[in-house]
Structure formats: structure tokens, C-alpha cells
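Note sheet for the following structure.
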Amino acid sequence: ADTDHGAAVVAAVARVADRIADERAHLTDLDSAIGDADHGANLDRGFRAAVERVEALDDPTPEEVVQTVGTALISEVGGAAGPLYGGGFMRAAGTLDDGITAESTVAFAETYLDSVRDRGDARVGQKTMVDALVPAVHTYKKSIEEDGLDPLTALAKAVDACRRGVAFTVPIRAEKGRASYLGWRSVGHPDPGATSTLCVAEELLAAAAD
Ligand code: ADP
Ligand code: MG
Ligand code: MG
């Protein structure tokens, strides 16, 4: 069963990579408005490498797949987002050591968020990927642990919360990363990293629904 989940996680990674490739120009446009116009290219390069590496693994566990994605992103993405994305997946991989369950996916989401916050030191309201992650992760955890929803319904709610988190980044001023150099001129644009985080979350939902 574990190896079946491994193959499913490989398929999910491929799905995320395809979406990021499709969004490359859009993410680049967003990053050209408030950054250095490389977020689309950075992530596309990273997820392409991630797919290559995970597809080369022999009968991997979910933990091995996610660990491999994390190391690929750290080595290929660069910039601010590389260590945040890659470090998040690397640290969260260990939560899947007993496979993919409602409980382990909550731990996965929380550990990923903790890693991003520890590395980036951003709070909600500073116009970063944290603004997309916090509502998504909290909604997923609450939906499962308090509302007793099944993981797929919980993930759908989390994606909706993530989308509202991206919208929340539009009217606020960046206080972290390159966009913070613009000060008030960063207002009125969605954060690229929050937007790419939503793309990843949407594809994980689509993969889980398959
Ligand atoms: P760079 O800014 O180095 O060119 P990218 O363009 O790939 O890197 O990524 C920019 C994204 O990284 C931002 O849109 C934001 O979401 C995220 N980011 C930057 N700094 C931080 C931080 N300290 N904490 C969380 N996220 C951050
Ligand atoms: Mg950039
Ligand atoms: Mg850059």
C-alpha cells in the first residue's frame, strides 16, 4: 500500500510541475511587477528537476518522493523561494513515514508551514507565501480535527482558504523579500509566492481527487 501511495505522490509531483510550467509566464509577470521577474522561471526549473528525480526512483515511499522534491527544489530554484519551498518539503517529508492518512497529512501541512515561517520569519500580513499558507493549513487542520471532514473535502476547503489568502496579498504592502524594497508601490499586486503556493495546492487537490 505504501508503494502505491509512492506512485500516487510521484503522479502528484508531475501534475504540480505541469501546472507550474503552464503558469511560468503568469508568475513571471507577477514577479516583474514587484520583484525581479524570475519566480516563474525559478519554480519551473525546480519542479522540472523534481519530476526527473522522482521518476528515477525505484518504488519509492511517499517520504522518499517528498524528500527528493525538497532537495531538487533547494538545489535548482534559488532565490528566496527555493529554500522556502525546498526546505518545507524536506522537513515535512518525515511526517509521511507511516504513509498518507488524514493525520499524517495534517502533520505534513503544519510542518511545511513551520519550516517556511522558521526560515523566512514572515508573519501573516507581510505579503508573502505565508499569507496563502496560514489560512490553508489552519483550514485543513480544523476541517479534519474539529469538523470531522474527510481529507478530500478538507483539502477543497483549504484550497478555497488559500485562494482568499492570495487575494488578501493584493491590497497590502510587502514587508519581506525583494518586494519590500518597493514599499507602498507593492500595493495592488498579488504576491508571486502566494500565487504559486495556490497553484501547488490546487494541483494537490486535483491529484487527490483522482
Ligand atoms: P527572489 O525574490 O529571490 O527573486 P522568487 O522570485 O523566486 O525569489 O520568490 C519570491 C517570493 O518568495 C515572494 O513572492 C514571497 O512569496 C516569497 N518570500 C520572499 N521572502 C520571504 C520570506 N521572508 N518569507 C516567506 N516568503 C518569502
Ligand atoms: Mg524573484
Ligand atoms: Mg531572484
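By order of appearance in the C-alpha cells: chains A, B, ..., then residues from 1 within every chain, and ligands from 1 in the order shown.
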
Show me a table, sorted first by chain and then by increasing residue number, of the residues of chain A having an atom at most 9 Å from ligand 1, each with its shortest atom pair and the distance in Å to one decimal, counting only C-alpha atoms and all ligand atoms and written as a Markdown table.
```
| residue | atom | partner | partner_atom_place_in_ligand_line | distance |
| --- | --- | --- | --- | --- |
| A:Leu27 | CA | ligand 1 | 6 (O) | 8.7 |
| A:Thr28 | CA | ligand 1 | 6 (O) | 8.2 |
| A:Leu30 | CA | ligand 1 | 14 (O) | 8.4 |
| A:Asp31 | CA | ligand 1 | 6 (O) | 6.0 |
| A:Ser32 | CA | ligand 1 | 6 (O) | 8.8 |
| A:Ile34 | CA | ligand 1 | 14 (O) | 8.2 |
| A:Gly35 | CA | ligand 1 | 2 (O) | 6.0 |
| A:Asp36 | CA | ligand 1 | 4 (O) | 5.5 |
| A:Ala37 | CA | ligand 1 | 6 (O) | 6.6 |
| A:Asp38 | CA | ligand 1 | 6 (O) | 5.2 |
| A:His39 | CA | ligand 1 | 6 (O) | 3.8 |
| A:Gly40 | CA | ligand 1 | 7 (O) | 7.3 |
| A:Ala41 | CA | ligand 1 | 7 (O) | 8.1 |
| A:Asn42 | CA | ligand 1 | 7 (O) | 5.6 |
| A:Leu43 | CA | ligand 1 | 7 (O) | 6.8 |
| A:Val77 | CA | ligand 1 | 7 (O) | 7.1 |
| A:Gly78 | CA | ligand 1 | 7 (O) | 6.9 |
| A:Gly79 | CA | ligand 1 | 3 (O) | 3.3 |
| A:Ala80 | CA | ligand 1 | 3 (O) | 3.8 |
| A:Ala81 | CA | ligand 1 | 9 (O) | 4.2 |
| A:Gly82 | CA | ligand 1 | 7 (O) | 6.5 |
| A:Leu84 | CA | ligand 1 | 26 (N) | 6.8 |
| A:Tyr85 | CA | ligand 1 | 12 (O) | 9.0 |
| A:Val116 | CA | ligand 1 | 25 (C) | 6.3 |
| A:Arg117 | CA | ligand 1 | 24 (N) | 6.5 |
| A:Asp118 | CA | ligand 1 | 24 (N) | 8.6 |
| A:Arg119 | CA | ligand 1 | 24 (N) | 7.0 |
| A:Gly120 | CA | ligand 1 | 23 (N) | 3.5 |
| A:Asp121 | CA | ligand 1 | 23 (N) | 5.5 |
| A:Ala122 | CA | ligand 1 | 24 (N) | 4.6 |
| A:Arg123 | CA | ligand 1 | 24 (N) | 7.9 |
| A:Gln126 | CA | ligand 1 | 24 (N) | 8.5 |
| A:Lys127 | CA | ligand 1 | 16 (O) | 6.8 |
| A:Thr128 | CA | ligand 1 | 16 (O) | 3.6 |
| A:Met129 | CA | ligand 1 | 16 (O) | 3.9 |
| A:Val130 | CA | ligand 1 | 25 (C) | 5.7 |
| A:Asp131 | CA | ligand 1 | 16 (O) | 8.3 |
| A:Ala132 | CA | ligand 1 | 16 (O) | 8.8 |
| A:Ala174 | CA | ligand 1 | 15 (C) | 8.8 |
| A:Glu175 | CA | ligand 1 | 23 (N) | 8.4 |
| A:Lys176 | CA | ligand 1 | 23 (N) | 4.9 |
| A:Gly177 | CA | ligand 1 | 20 (N) | 3.7 |
| A:Arg178 | CA | ligand 1 | 2 (O) | 5.0 |
| A:Ala179 | CA | ligand 1 | 13 (C) | 7.2 |
| A:Ser180 | CA | ligand 1 | 20 (N) | 8.8 |
| A:Pro190 | CA | ligand 1 | 14 (O) | 8.4 |
| A:Asp191 | CA | ligand 1 | 14 (O) | 4.7 |
| A:Pro192 | CA | ligand 1 | 14 (O) | 4.0 |
| A:Gly193 | CA | ligand 1 | 16 (O) | 3.2 |
| A:Ala194 | CA | ligand 1 | 16 (O) | 5.1 |
| A:Thr195 | CA | ligand 1 | 16 (O) | 7.9 |
| A:Ser196 | CA | ligand 1 | 16 (O) | 8.2 |
| A:Thr197 | CA | ligand 1 | 16 (O) | 8.4 |
```

Which parts of stretch 1-202 of chain A does DSSP call helix (DSSP H, G or I) when run on the backbone here, written out as an MDAnalysis selection string? chainID A and resid 2:34 39:55 62:76 81:96 102:120 130:145 151:169 178:186 192:202
